[in-house]
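Working notes, beginning with the structure itself.
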Amino acid sequence: MASWTVLTKDVAGDTPLRAAERVVFVREAFSWMALIFAPLVLLRYRLWLAFIGYLVVSVLLAVAGLRFGLPDTVSTAVEVGIHMLIALELPSLRIAKLRWRGFEEAGSLVARDQMEAELRFFAQGWPLAAPAPARSQRPQTPRSTAGGAPTVIGSFPEPYAP
């Protein structure tokens, strides 16, 4: 089973069908393809800034190898480390990009594959369900007892008396 993050983008005047077409499911898992083909995976998901960063680091490693005599084992180890980082952080990069484009997190769920994730998400009644009420931003103060002393918050029913 894999965990999935669901992102949606609300557009005024949308029909439920159009809103459902804009739902994105991002699998939260290690990407083996990104481990082997990191730059191609970054291009596939249009993660341009991450791709440019990858190119800059690769060019700097090549220049350091030629100019300063950096051993091949060091540059290879750094490249493998970069590929590991991209493979681990690919879902986070995709979610950050989608949030930047105006998507909001609609939930997360556990499913075997994307089809099951879609079935579970849409079976909950989205987008026809009413949105959850907004939470109050005002902090709550503790209530007082009849004597004016605040009630105890915690595991014990009575306040500590010396």
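Each chain in the structure tokens gets a letter, A, B and so on, in the order shown; residues start at 1 in every chain, and ligands are counted from 1 in the order they appear.
Counting only C-alpha atoms, Ala96 of chain A has the following residues at most 12 Å away, ignoring those fewer than 3 positions along the same chain: Thr5, Leu7, Val26, Tyr45, Leu47, Leu49, Ala50, Glu89, Leu90, Pro91, Ser92, Leu93, Arg99, Trp100, Arg101, Gly102, Phe103, Glu104 and Glu105 of chain A.
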Grab the residues selected above and save them as a short mmCIF file (atom, residue, chain, number, x, y, z; two decimals), in the first residue's frame with N, CA, C and O atoms.
```
data_model
loop_
_atom_site.label_atom_id
_atom_site.label_comp_id
_atom_site.auth_asym_id
_atom_site.auth_seq_id
_atom_site.Cartn_x
_atom_site.Cartn_y
_atom_site.Cartn_z
N THR A 5 -1.14 11.89 -1.72
CA THR A 5 -1.60 13.23 -1.37
C THR A 5 -2.47 13.71 -2.52
O THR A 5 -2.10 13.60 -3.69
N LEU A 7 -4.45 16.81 -4.35
CA LEU A 7 -4.46 18.26 -4.48
C LEU A 7 -5.53 18.67 -5.47
O LEU A 7 -5.71 18.00 -6.50
N VAL A 26 -0.66 12.56 -5.95
CA VAL A 26 0.80 12.45 -5.91
C VAL A 26 1.15 11.30 -4.97
O VAL A 26 0.79 11.33 -3.79
N TYR A 45 8.19 16.07 -15.08
CA TYR A 45 7.23 16.75 -14.21
C TYR A 45 7.36 18.27 -14.28
O TYR A 45 6.74 18.97 -13.48
N LEU A 47 9.75 20.34 -13.50
CA LEU A 47 10.35 20.96 -12.33
C LEU A 47 11.59 21.71 -12.79
O LEU A 47 12.72 21.27 -12.62
N LEU A 49 13.12 24.63 -11.98
CA LEU A 49 14.14 25.14 -11.06
C LEU A 49 15.02 24.02 -10.52
O LEU A 49 16.24 24.18 -10.39
N ALA A 50 14.42 22.90 -10.21
CA ALA A 50 15.20 21.76 -9.74
C ALA A 50 16.12 21.25 -10.85
O ALA A 50 17.28 20.88 -10.59
N GLU A 89 12.99 13.16 -2.60
CA GLU A 89 12.22 14.39 -2.49
C GLU A 89 11.32 14.69 -3.68
O GLU A 89 10.68 15.75 -3.70
N LEU A 90 11.25 13.83 -4.65
CA LEU A 90 10.43 14.10 -5.83
C LEU A 90 8.97 14.38 -5.49
O LEU A 90 8.41 15.36 -6.00
N PRO A 91 8.30 13.59 -4.63
CA PRO A 91 6.91 13.94 -4.29
C PRO A 91 6.79 15.31 -3.64
O PRO A 91 5.86 16.06 -3.95
N SER A 92 7.71 15.67 -2.78
CA SER A 92 7.67 16.98 -2.13
C SER A 92 7.87 18.10 -3.15
O SER A 92 7.23 19.15 -3.06
N LEU A 93 8.76 17.89 -4.11
CA LEU A 93 8.97 18.89 -5.16
C LEU A 93 7.72 19.06 -6.01
O LEU A 93 7.34 20.19 -6.35
N ARG A 99 1.32 23.51 -5.36
CA ARG A 99 0.86 24.56 -4.44
C ARG A 99 1.18 25.94 -4.99
O ARG A 99 0.40 26.87 -4.86
N TRP A 100 2.34 26.10 -5.60
CA TRP A 100 2.72 27.37 -6.19
C TRP A 100 1.76 27.74 -7.32
O TRP A 100 1.49 28.91 -7.55
N ARG A 101 1.24 26.74 -8.02
CA ARG A 101 0.31 26.97 -9.12
C ARG A 101 -1.13 27.16 -8.66
O ARG A 101 -2.03 27.30 -9.48
N GLY A 102 -1.37 27.15 -7.34
CA GLY A 102 -2.71 27.43 -6.83
C GLY A 102 -3.48 26.22 -6.35
O GLY A 102 -4.65 26.35 -5.98
N PHE A 103 -2.88 25.06 -6.34
CA PHE A 103 -3.56 23.86 -5.86
C PHE A 103 -3.53 23.85 -4.34
O PHE A 103 -2.59 24.37 -3.73
N GLU A 104 -4.54 23.26 -3.75
CA GLU A 104 -4.61 23.11 -2.30
C GLU A 104 -4.73 21.63 -1.96
O GLU A 104 -5.33 20.86 -2.71
N GLU A 105 -4.19 21.27 -0.80
CA GLU A 105 -4.26 19.88 -0.38
C GLU A 105 -5.69 19.55 0.05
O GLU A 105 -6.26 20.21 0.91
#
```
Item to complete: Find the residues around Ala34 of chain A up to 7 Å (only C-alpha atoms counted), leave out those fewer than 5 positions away in its own chain, and share them as a list in words.
Response: Val41, His83, Ile86 and Ala87 of chain A
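If only C-alpha atoms are the atoms counted, then among A:Ala38, A:Ala111, A:Ala106, A:Ala62 the closest residue to Ala20 of chain A is A:Ala106.
Distance check against Val57 of chain A using only C-alpha atoms: of A:Gly13, A:Pro39, A:Pro71, A:Gly125, the minimum falls on A:Pro39.
Atom CA of Ala2 of chain A to atom CA of Arg44 of chain A spans 21.5 Å [interatomic distance, one decimal].
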Would you pick out the contacts of Met1 of chain A at 10 Å or less, using only C-alpha atoms, so that residues sharing its chain but fewer than 4 positions from it are not included, and give the list as an mmCIF file with all heavy atoms, in the first residue's frame?
```
data_model
loop_
_atom_site.group_PDB
_atom_site.id
_atom_site.type_symbol
_atom_site.label_atom_id
_atom_site.label_comp_id
_atom_site.auth_asym_id
_atom_site.auth_seq_id
_atom_site.Cartn_x
_atom_site.Cartn_y
_atom_site.Cartn_z
ATOM 1 N N VAL A 110 -4.552 6.135 1.670
ATOM 2 C CA VAL A 110 -3.704 4.979 1.419
ATOM 3 C C VAL A 110 -4.418 4.074 0.421
ATOM 4 O O VAL A 110 -5.591 3.744 0.613
ATOM 5 C CB VAL A 110 -3.410 4.213 2.734
ATOM 6 C CG1 VAL A 110 -2.601 2.966 2.459
ATOM 7 C CG2 VAL A 110 -2.702 5.112 3.712
ATOM 8 N N ALA A 111 -3.700 3.688 -0.630
ATOM 9 C CA ALA A 111 -4.282 2.820 -1.655
ATOM 10 C C ALA A 111 -3.154 2.076 -2.363
ATOM 11 O O ALA A 111 -1.997 2.473 -2.312
ATOM 12 C CB ALA A 111 -5.076 3.652 -2.654
ATOM 13 N N ARG A 112 -3.526 0.978 -3.043
ATOM 14 C CA ARG A 112 -2.535 0.180 -3.758
ATOM 15 C C ARG A 112 -1.995 0.894 -4.993
ATOM 16 O O ARG A 112 -0.813 0.847 -5.277
ATOM 17 C CB ARG A 112 -3.148 -1.148 -4.187
ATOM 18 C CG ARG A 112 -3.314 -2.116 -3.063
ATOM 19 C CD ARG A 112 -3.778 -3.478 -3.579
ATOM 20 N NE ARG A 112 -4.431 -4.160 -2.495
ATOM 21 C CZ ARG A 112 -5.741 -4.285 -2.359
ATOM 22 N NH1 ARG A 112 -6.535 -3.814 -3.279
ATOM 23 N NH2 ARG A 112 -6.254 -4.880 -1.320
ATOM 24 N N ASP A 113 -2.899 1.521 -5.763
ATOM 25 C CA ASP A 113 -2.490 2.198 -6.986
ATOM 26 C C ASP A 113 -3.340 3.452 -7.164
ATOM 27 O O ASP A 113 -4.200 3.757 -6.347
ATOM 28 C CB ASP A 113 -2.607 1.270 -8.192
ATOM 29 C CG ASP A 113 -4.001 0.672 -8.356
ATOM 30 O OD1 ASP A 113 -4.921 1.077 -7.619
ATOM 31 O OD2 ASP A 113 -4.164 -0.184 -9.233
#
```
